[in-house]
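Have a look at protein-v9.cif; it's mmCIF, C-alpha atoms:
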data_coords
loop_
_atom_site.label_atom_id
_atom_site.label_comp_id
_atom_site.auth_asym_id
_atom_site.auth_seq_id
_atom_site.Cartn_x
_atom_site.Cartn_y
_atom_site.Cartn_z
CA MET A 1 17.74 13.99 2.36
CA ASN A 2 15.47 12.44 -0.22
CA GLU A 3 16.74 11.83 -3.73
CA PRO A 4 14.78 13.56 -6.46
CA ARG A 5 12.29 11.31 -8.17
CA ASN A 6 10.23 12.18 -11.19
CA LYS A 7 8.78 8.97 -12.66
CA VAL A 8 5.77 6.88 -11.72
CA GLN A 9 4.99 3.44 -13.14
CA VAL A 10 1.24 2.91 -13.38
CA LEU A 11 -0.86 -0.24 -13.71
CA ASN A 12 -4.48 0.27 -14.70
CA VAL A 13 -6.13 -2.72 -13.05
CA ALA A 14 -9.27 -2.35 -15.14
CA THR A 15 -7.47 -2.61 -18.48
CA GLY A 16 -4.17 -4.28 -17.58
CA GLU A 17 -2.32 -1.45 -19.28
CA GLU A 18 1.06 -0.48 -17.81
CA THR A 19 2.42 2.99 -18.44
CA GLU A 20 5.00 5.38 -17.06
CA ARG A 21 4.31 9.03 -16.39
CA ASP A 22 6.14 12.05 -15.13
CA MET A 23 5.36 13.27 -11.64
CA THR A 24 3.15 16.31 -11.47
CA GLU A 25 4.44 19.55 -10.01
CA THR A 26 2.20 18.91 -7.00
CA GLU A 27 3.74 15.49 -6.43
CA ILE A 28 7.27 16.82 -6.77
CA ALA A 29 6.50 19.59 -4.30
CA ALA A 30 4.94 17.06 -1.93
CA GLN A 31 8.21 15.11 -1.70
CA ASP A 32 9.29 17.65 0.87
CA GLY A 33 6.28 16.74 2.98
CA ILE A 34 7.28 13.10 3.43
CA ARG A 35 8.14 12.58 7.02
CA PRO A 36 11.87 12.44 7.72
CA ASN A 37 13.49 9.08 7.20
CA ALA A 38 14.40 8.83 10.85
CA VAL A 39 17.14 6.35 11.61
CA ALA A 40 18.49 5.04 14.88
CA GLY A 41 21.98 3.70 15.18
CA MET B 1 -25.03 -16.59 -0.14
CA ALA B 2 -21.49 -16.67 1.10
CA ILE B 3 -21.67 -19.53 3.59
CA LYS B 4 -23.13 -22.98 2.96
CA THR B 5 -22.70 -26.32 4.68
CA PHE B 6 -22.63 -29.21 2.24
CA THR B 7 -24.08 -32.56 3.27
CA THR B 8 -22.76 -36.03 2.49
CA GLY B 9 -23.41 -36.98 -1.11
CA GLU B 10 -24.56 -33.52 -2.13
CA VAL B 11 -23.43 -32.37 -5.59
CA LEU B 12 -21.18 -29.30 -5.72
CA THR B 13 -22.48 -27.47 -8.75
CA ALA B 14 -20.66 -25.08 -11.02
CA SER B 15 -22.93 -22.33 -9.74
CA ASP B 16 -22.06 -23.08 -6.13
CA THR B 17 -18.38 -23.25 -6.96
CA ASN B 18 -18.44 -19.90 -8.70
CA THR B 19 -20.39 -18.33 -5.87
CA TYR B 20 -18.04 -19.53 -3.19
CA LEU B 21 -14.90 -18.71 -5.12
CA ALA B 22 -16.23 -15.19 -5.56
CA ASN B 23 -17.04 -14.90 -1.86
CA SER B 24 -14.05 -16.64 -0.34
CA GLY B 25 -12.88 -14.18 2.28
CA LEU B 26 -9.98 -12.22 0.90
CA VAL B 27 -10.60 -11.96 -2.83
CA TYR B 28 -7.69 -11.34 -5.18
CA ILE B 29 -8.01 -8.12 -7.17
CA ALA B 30 -4.65 -7.32 -8.74
CA SER B 31 -0.89 -7.65 -8.49
CA LYS B 32 1.97 -5.48 -9.72
CA THR B 33 5.60 -6.57 -9.93
CA TRP B 34 8.46 -4.23 -10.72
CA THR B 35 12.16 -4.79 -11.11
CA SER B 36 14.79 -2.49 -9.67
CA VAL B 37 13.76 1.05 -10.48
CA SER B 38 13.84 4.46 -8.88
CA ALA B 39 10.26 5.14 -10.01
CA ASP B 40 7.31 5.21 -7.65
CA GLN B 41 4.42 2.81 -8.22
CA GLN B 42 0.71 3.35 -8.81
CA LEU B 43 -2.30 1.06 -9.25
CA ASP B 44 -5.44 2.59 -10.75
CA ASN B 45 -8.94 1.14 -10.44
CA CYS B 46 -8.15 -1.39 -7.71
CA PHE B 47 -10.79 0.07 -5.32
CA SER B 48 -14.49 0.07 -6.15
CA SER B 49 -17.89 -0.34 -4.58
CA THR B 50 -17.49 -4.13 -4.77
CA TYR B 51 -15.59 -4.10 -1.47
CA ASP B 52 -15.48 -1.72 1.47
CA ASN B 53 -12.14 -2.83 2.94
CA TYR B 54 -8.91 -4.08 1.39
CA ARG B 55 -5.58 -5.66 2.19
CA ILE B 56 -2.38 -4.90 0.32
CA VAL B 57 0.67 -7.15 0.71
CA PHE B 58 4.21 -6.26 -0.38
CA ASN B 59 7.38 -8.33 -0.70
CA GLY B 60 10.50 -6.75 -2.07
CA THR B 61 13.97 -5.38 -1.63
CA GLY B 62 15.95 -2.26 -2.43
CA ASN B 63 19.47 -0.88 -2.45
CA GLN B 64 19.22 0.82 0.96
CA SER B 65 21.63 -0.55 3.58
CA THR B 66 19.67 1.51 6.11
CA PRO B 67 15.97 0.94 5.49
CA THR B 68 13.95 3.81 4.10
CA VAL B 69 10.26 4.53 4.48
CA VAL B 70 7.63 3.34 2.01
CA PHE B 71 4.79 5.84 1.89
CA LEU B 72 1.21 5.63 0.67
CA ARG B 73 -1.16 7.99 -1.07
CA TYR B 74 -4.66 7.29 -2.32
CA VAL B 75 -5.51 7.85 -5.97
CA ASP B 76 -8.60 9.85 -6.96
CA GLY B 77 -9.43 8.79 -10.52
CA THR B 78 -5.88 8.61 -11.83
CA THR B 79 -4.42 11.38 -9.66
CA PRO B 80 -2.63 10.63 -6.39
CA ASP B 81 -3.96 12.82 -3.59
CA ALA B 82 -0.93 14.66 -2.17
CA VAL B 83 -2.98 17.19 -0.24
CA ALA B 84 -1.56 17.48 3.29
CA THR B 85 -4.46 15.88 5.15
CA TYR B 86 -2.82 12.59 6.07
CA ALA B 87 -2.13 11.76 9.70
CA TYR B 88 -0.11 8.80 10.95
CA THR B 89 1.45 7.05 13.91
CA GLU B 90 4.38 4.66 13.80
CA SER B 91 5.61 2.29 16.50
CA ILE B 92 8.82 0.71 15.29
CA VAL B 93 11.48 -1.41 16.97
CA VAL B 94 14.92 -1.09 15.39
CA GLY B 95 17.23 -4.05 15.79
CA GLY B 96 20.95 -3.76 15.34
CA PRO B 97 20.77 -1.15 17.96
CA SER B 98 17.79 -2.19 20.07
CA THR B 99 15.77 1.00 19.91
CA SER B 100 12.11 1.85 19.93
CA LEU B 101 10.99 4.60 17.59
CA TYR B 102 7.69 6.40 17.86
CA PHE B 103 6.54 8.87 15.25
CA SER B 104 3.33 10.69 14.67
CA GLY B 105 2.36 13.47 12.37
CA ALA B 106 -0.55 15.33 10.88
CA SER B 107 -0.98 17.57 7.86
CA ALA B 108 1.34 15.24 5.97
CA THR B 109 1.28 14.60 2.21
CA SER B 110 1.32 10.82 2.72
CA THR B 111 1.24 8.16 5.40
CA GLY B 112 3.89 5.55 6.01
CA VAL B 113 3.05 1.95 5.22
CA GLY B 114 6.37 0.14 5.69
CA PHE B 115 10.06 0.23 4.87
CA VAL B 116 12.37 -1.12 2.21
CA GLY B 117 15.98 -2.25 2.69
CA ASP B 118 18.71 -4.13 0.89
CA THR B 119 17.99 -7.57 2.36
CA GLN B 120 14.25 -8.12 2.64
CA SER B 121 11.14 -6.05 3.07
CA SER B 122 7.51 -6.94 3.60
CA PHE B 123 4.33 -5.39 4.87
CA SER B 124 0.67 -6.24 5.10
CA CYS B 125 -1.68 -3.28 5.29
CA ASP B 126 -5.43 -3.19 5.79
CA ILE B 127 -7.11 -0.20 4.15
CA TYR B 128 -10.56 0.74 5.34
CA ALA B 129 -13.24 2.43 3.25
CA PRO B 130 -11.14 3.96 0.46
CA ASN B 131 -14.09 3.98 -1.96
CA LEU B 132 -16.70 5.06 0.59
CA ALA B 133 -17.51 8.66 1.46
CA LEU B 134 -15.64 8.32 4.74
CA ASN B 135 -12.16 9.06 5.96
CA THR B 136 -9.83 6.36 4.64
CA THR B 137 -7.75 4.67 7.31
CA SER B 138 -5.02 2.05 7.32
CA THR B 139 -3.17 -0.29 9.66
CA SER B 140 0.08 -1.82 8.48
CA HIS B 141 2.35 -4.44 9.99
CA CYS B 142 5.82 -4.23 8.53
CA ASN B 143 9.19 -5.96 8.63
CA VAL B 144 12.41 -4.92 6.95
CA PHE B 145 16.00 -6.09 7.05
CA GLY B 146 18.88 -3.94 5.88
CA THR B 147 22.62 -4.35 6.25
CA VAL B 148 22.78 -1.62 8.91
CA ASN B 149 19.68 -2.47 10.90
CA TYR B 150 16.29 -4.12 10.82
CA ARG B 151 12.88 -2.89 11.83
CA ASN B 152 9.53 -4.35 12.80
CA GLY B 153 6.42 -2.51 13.77
CA GLN B 154 3.04 -1.06 13.10
CA ILE B 155 1.98 2.04 11.19
CA THR B 156 -1.50 3.52 11.20
CA GLY B 157 -2.75 6.24 8.93
CA THR B 158 -5.82 8.37 8.37
CA LYS B 159 -6.70 10.43 5.33
CA LEU B 160 -8.93 13.20 6.63
CA THR B 161 -11.23 13.64 3.68
CA THR B 162 -14.31 11.84 2.41
CA THR B 163 -13.03 11.60 -1.16
CA GLN B 164 -13.86 8.24 -2.71
CA TYR B 165 -10.62 6.75 -4.05
CA GLU B 166 -10.05 4.26 -6.84
CA GLY B 167 -6.35 3.53 -6.55
CA ILE B 168 -3.14 3.50 -4.57
CA PHE B 169 0.29 5.10 -4.93
CA LEU B 170 3.45 3.85 -3.22
CA GLY B 171 6.77 5.66 -3.04
CA ARG B 172 9.94 5.26 -1.01
CA GLY B 173 12.21 7.72 0.73
CA THR B 174 15.45 7.07 -1.14
CA GLY B 175 17.13 4.70 -3.56
CA SER B 176 15.79 2.08 -5.92
CA TRP B 177 13.47 -0.79 -5.18
CA ALA B 178 11.86 -3.90 -6.61
CA GLY B 179 8.97 -6.01 -5.46
CA THR B 180 5.45 -7.29 -5.83
CA LEU B 181 2.36 -5.62 -4.47
CA THR B 182 -0.89 -7.62 -4.31
CA VAL B 183 -4.32 -6.18 -3.58
CA PHE B 184 -7.16 -8.16 -2.03
CA GLY B 185 -10.71 -7.19 -1.12
CA TYR B 186 -12.61 -8.32 1.96
CA ARG B 187 -15.87 -9.94 0.99
CA LYS B 188 -18.90 -8.15 2.42
CA ALA B 189 -21.19 -11.12 3.06
#

Spit out the file's structure as structure tokens when you get a sec.
Amino acid sequence: MNEPRNKVQVLNVATGEETERDMTETEIAAQDGIRPNAVAG
Amino acid sequence: MAIKTFTTGEVLTASDTNTYLANSGLVYIASKTWTSVSADQQLDNCFSSTYDNYRIVFNGTGNQSTPTVVFLRYVDGTTPDAVATYAYTESIVVGGPSTSLYFSGASATSTGVGFVGDTQSSFSCDIYAPNLALNTTSTSHCNVFGTVNYRNGQITGTKLTTTQYEGIFLGRGTGSWAGTLTVFGYRKA
């Protein structure tokens, strides 16, 4: 099961500015669509 | 001109030097380094009309004894595209146990691009046509070592939309991670 995540660190390559933002509702909802972290062994 | 053969005694001018540095195969665009965090990572404005195809290279580590997936989304403007139109295939060999894993999926909200684990992780991924009005595709070769097992393999992905993207978003399945991501462009001529 994936841990909840809600922050994104962003680098704007054009300006060099680094910021941190909250995930959007769409991104949070999309966490469930990440393919399962299948593990063998 | 991207290719020139210099003759004996010919002067290498500043103009020539600048031209050939700017057209030297893989051209550096940007790099992002982050220390151990649980945040996902995003680079805006690393794709443009200057190049059609790109390579991203990652070196890093995390706190996962069993490696976890690193996934990729493309960024439209400053917004990662999480619409479920990604398709992918993965061919992975897991060492520790010696097991082959094959995954594929469609209608996904991202494509895999590699793994991260608590010993060492790296991948090199070619991204084709992210800023052109074509489907964006990718081919990644990845290696990861974790305490529990290690993995090597290839992951391909397709984003089934002709949106022209400007950036890239990377997340991981679980845990924290640290690393450096570098973006290069393939010269066109």

- [ ] Extract, using all atoms listed in the file, all DNA, RNA and protein residues at most 9 Å from Val75 in chain B, discarding same-chain residues fewer than 3 positions from it, and format them as a VMD selection string.
- [x] chain B and resid 42 to 45 78 to 81 164 to 169

Output of the above residues as an mmCIF file, keeping the file's coordinate frame, restricted to C-alpha atoms:
data_model
loop_
_atom_site.group_PDB
_atom_site.id
_atom_site.type_symbol
_atom_site.label_atom_id
_atom_site.label_comp_id
_atom_site.auth_asym_id
_atom_site.auth_seq_id
_atom_site.Cartn_x
_atom_site.Cartn_y
_atom_site.Cartn_z
ATOM 1 C CA GLN B 42 0.710 3.350 -8.810
ATOM 2 C CA LEU B 43 -2.300 1.060 -9.250
ATOM 3 C CA ASP B 44 -5.440 2.590 -10.750
ATOM 4 C CA ASN B 45 -8.940 1.140 -10.440
ATOM 5 C CA THR B 78 -5.880 8.610 -11.830
ATOM 6 C CA THR B 79 -4.420 11.380 -9.660
ATOM 7 C CA PRO B 80 -2.630 10.630 -6.390
ATOM 8 C CA ASP B 81 -3.960 12.820 -3.590
ATOM 9 C CA GLN B 164 -13.860 8.240 -2.710
ATOM 10 C CA TYR B 165 -10.620 6.750 -4.050
ATOM 11 C CA GLU B 166 -10.050 4.260 -6.840
ATOM 12 C CA GLY B 167 -6.350 3.530 -6.550
ATOM 13 C CA ILE B 168 -3.140 3.500 -4.570
ATOM 14 C CA PHE B 169 0.290 5.100 -4.930
#

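Between CA of Trp177 in chain B and CA of Ser121 in chain B lies a distance of 10.1 Å.
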
TODO: Would you kindly return, as a ChimeraX atom specification, each protein, DNA or RNA residue with an atom no farther than 8 Å from any atom of Ile92 in chain B, considering only C-alpha atoms and excluding same-chain residues fewer than 6 positions away?
DONE: /B:100-102,151-154

Task: Neighbour list for range 6-10 of chain A as a VMD selection string, cut-off 6 Å, all atoms listed in the file, skip fewer than 5 positions in-chain - done: (chain A and resid 18 to 23) or (chain B and resid 39 to 43)

Task: Point-to-point distance from CA of Phe123 in chain B to CA of Glu25 in chain A, Å rounded to tenths - done: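 Separation between CA of Phe123 in chain B and CA of Glu25 in chain A: 29.0 Å.
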
Task: Ile29 in chain B environment, 8 Å, all atoms listed in the file, sequence neighbours closer than 3 positions dropped, as an MDAnalysis selection string - done: chainID B and resid 46 182:185

Axis-aligned box for all listed atoms of range 156-174 of chain B, 4 Å per side, centre and edges in Å to one decimal, as lines of an AutoDock Vina configuration file:
center_x = 0.6
center_y = 8.6
center_z = 2.2
size_x = 37.8
size_y = 18.1
size_z = 26.0

TODO: Would you kindly translate the PyMOL selection byres ((chain B and resi 83-85) around 6) into the concrete residues it picks from this file, as a list of chain:residue names?
DONE: B:Asp81, B:Ala82, B:Tyr86, B:Ser107, B:Ala108, B:Thr109, B:Lys159, B:Leu160

Task: One-decimal distance in Å that lies between CA of Ser91 in chain B and CA of Gln120 in chain B - done: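 Computing it gives 19.4 Å between the two atoms.
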
- [ ] Apply the PyMOL selection byres ((chain B and resi 51) around 8) to the displayed file and report the matching residues as a VMD selection string.
- [x] chain B and resid 47 to 50 52 to 54 185 to 188

Open item on the list: Between B:Val148, B:Cys142, B:Val116, B:Leu21, which residue has the minimum interatomic distance to Ala178 in chain B, considering all atoms listed in the file?
Closed with: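 So, comparing all the options, the nearest one is B:Val116.
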
TODO: Counting all atoms listed in the file, note down every residue that has an atom within 9 Å of the point (2.5, -9.4, -2.4) (file coordinates), as a list in words.
DONE: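 I get Ser31, Lys32, Thr33, Ile56, Val57, Phe58, Asn59, Gly60, Ser122, Phe123, Ser124, Gly179, Thr180, Leu181, Thr182 and Val183 of chain B for the residues within 9 Å of that point.
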
- [ ] Check the smallest atom-to-atom distance from each of B:Asn135, B:Thr19, B:Ser38, B:Asn149 to Gly95 in chain B using all atoms listed in the file, then report the winner.
- [x]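 Closest residue, counting all atoms listed in the file: B:Asn149.
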
Open item on the list: I want to know what sits within 9 Å of Thr163 in chain B, based on all atoms listed in the file, with residues of the same chain fewer than 4 positions away left out; could you give that as an NGL selection string?
Closed with: :B and (76 or 130-136)

Is it possible to produce a file of range 140-161 of chain B from this structure, with N, CA, C and O atoms, as a short mmCIF file (atom, residue, chain, number, x, y, z; two decimals), in the first residue's frame?
data_model
loop_
_atom_site.label_atom_id
_atom_site.label_comp_id
_atom_site.auth_asym_id
_atom_site.auth_seq_id
_atom_site.Cartn_x
_atom_site.Cartn_y
_atom_site.Cartn_z
N SER B 140 13.32 3.26 -20.77
CA SER B 140 14.21 3.43 -19.63
C SER B 140 14.96 2.14 -19.33
O SER B 140 14.38 1.05 -19.37
N HIS B 141 16.24 2.28 -19.04
CA HIS B 141 17.03 1.17 -18.52
C HIS B 141 17.35 1.48 -17.07
O HIS B 141 17.86 2.56 -16.77
N CYS B 142 17.05 0.54 -16.19
CA CYS B 142 17.13 0.86 -14.76
C CYS B 142 17.84 -0.24 -13.97
O CYS B 142 17.82 -1.41 -14.33
N ASN B 143 18.49 0.20 -12.90
CA ASN B 143 19.15 -0.69 -11.96
C ASN B 143 18.84 -0.20 -10.55
O ASN B 143 18.87 1.00 -10.30
N VAL B 144 18.60 -1.12 -9.65
CA VAL B 144 18.39 -0.73 -8.26
C VAL B 144 18.87 -1.86 -7.35
O VAL B 144 18.70 -3.04 -7.66
N PHE B 145 19.50 -1.45 -6.25
CA PHE B 145 19.87 -2.41 -5.22
C PHE B 145 19.20 -2.01 -3.92
O PHE B 145 19.26 -0.85 -3.50
N GLY B 146 18.53 -2.97 -3.30
CA GLY B 146 17.98 -2.79 -1.97
C GLY B 146 18.47 -3.93 -1.09
O GLY B 146 19.02 -4.92 -1.57
N THR B 147 18.27 -3.79 0.20
CA THR B 147 18.73 -4.82 1.13
C THR B 147 18.08 -6.17 0.84
O THR B 147 18.71 -7.22 0.91
N VAL B 148 16.79 -6.14 0.46
CA VAL B 148 16.04 -7.38 0.26
C VAL B 148 16.32 -7.99 -1.10
O VAL B 148 16.49 -9.20 -1.23
N ASN B 149 16.34 -7.16 -2.15
CA ASN B 149 16.62 -7.69 -3.47
C ASN B 149 17.13 -6.58 -4.37
O ASN B 149 17.20 -5.41 -3.98
N TYR B 150 17.53 -6.96 -5.57
CA TYR B 150 17.97 -5.98 -6.56
C TYR B 150 17.26 -6.26 -7.87
O TYR B 150 16.78 -7.37 -8.12
N ARG B 151 17.20 -5.25 -8.71
CA ARG B 151 16.44 -5.37 -9.94
C ARG B 151 17.17 -4.66 -11.08
O ARG B 151 17.76 -3.60 -10.89
N ASN B 152 17.08 -5.26 -12.26
CA ASN B 152 17.60 -4.62 -13.46
C ASN B 152 16.60 -4.86 -14.57
O ASN B 152 15.99 -5.93 -14.64
N GLY B 153 16.44 -3.90 -15.44
CA GLY B 153 15.51 -4.14 -16.52
C GLY B 153 15.22 -2.95 -17.38
O GLY B 153 15.96 -1.95 -17.37
N GLN B 154 14.15 -3.10 -18.13
CA GLN B 154 13.75 -2.07 -19.09
C GLN B 154 12.28 -1.75 -18.91
O GLN B 154 11.46 -2.65 -18.68
N ILE B 155 11.95 -0.48 -19.01
CA ILE B 155 10.56 -0.04 -18.91
C ILE B 155 10.28 0.87 -20.10
O ILE B 155 11.05 1.79 -20.38
N THR B 156 9.20 0.60 -20.80
CA THR B 156 8.78 1.48 -21.88
C THR B 156 7.43 2.08 -21.52
O THR B 156 6.63 1.48 -20.82
N GLY B 157 7.20 3.28 -22.01
CA GLY B 157 5.93 3.95 -21.73
C GLY B 157 5.45 4.75 -22.91
O GLY B 157 6.25 5.21 -23.75
N THR B 158 4.15 4.91 -23.00
CA THR B 158 3.54 5.75 -24.03
C THR B 158 2.45 6.59 -23.38
O THR B 158 1.64 6.06 -22.61
N LYS B 159 2.46 7.86 -23.68
CA LYS B 159 1.38 8.75 -23.25
C LYS B 159 0.51 9.01 -24.46
O LYS B 159 0.93 9.67 -25.42
N LEU B 160 -0.72 8.48 -24.42
CA LEU B 160 -1.56 8.48 -25.61
C LEU B 160 -2.35 9.78 -25.71
O LEU B 160 -3.57 9.83 -25.56
N THR B 161 -1.62 10.85 -25.97
CA THR B 161 -2.23 12.14 -26.25
C THR B 161 -1.20 12.98 -26.98
O THR B 161 0.01 12.75 -26.82
#
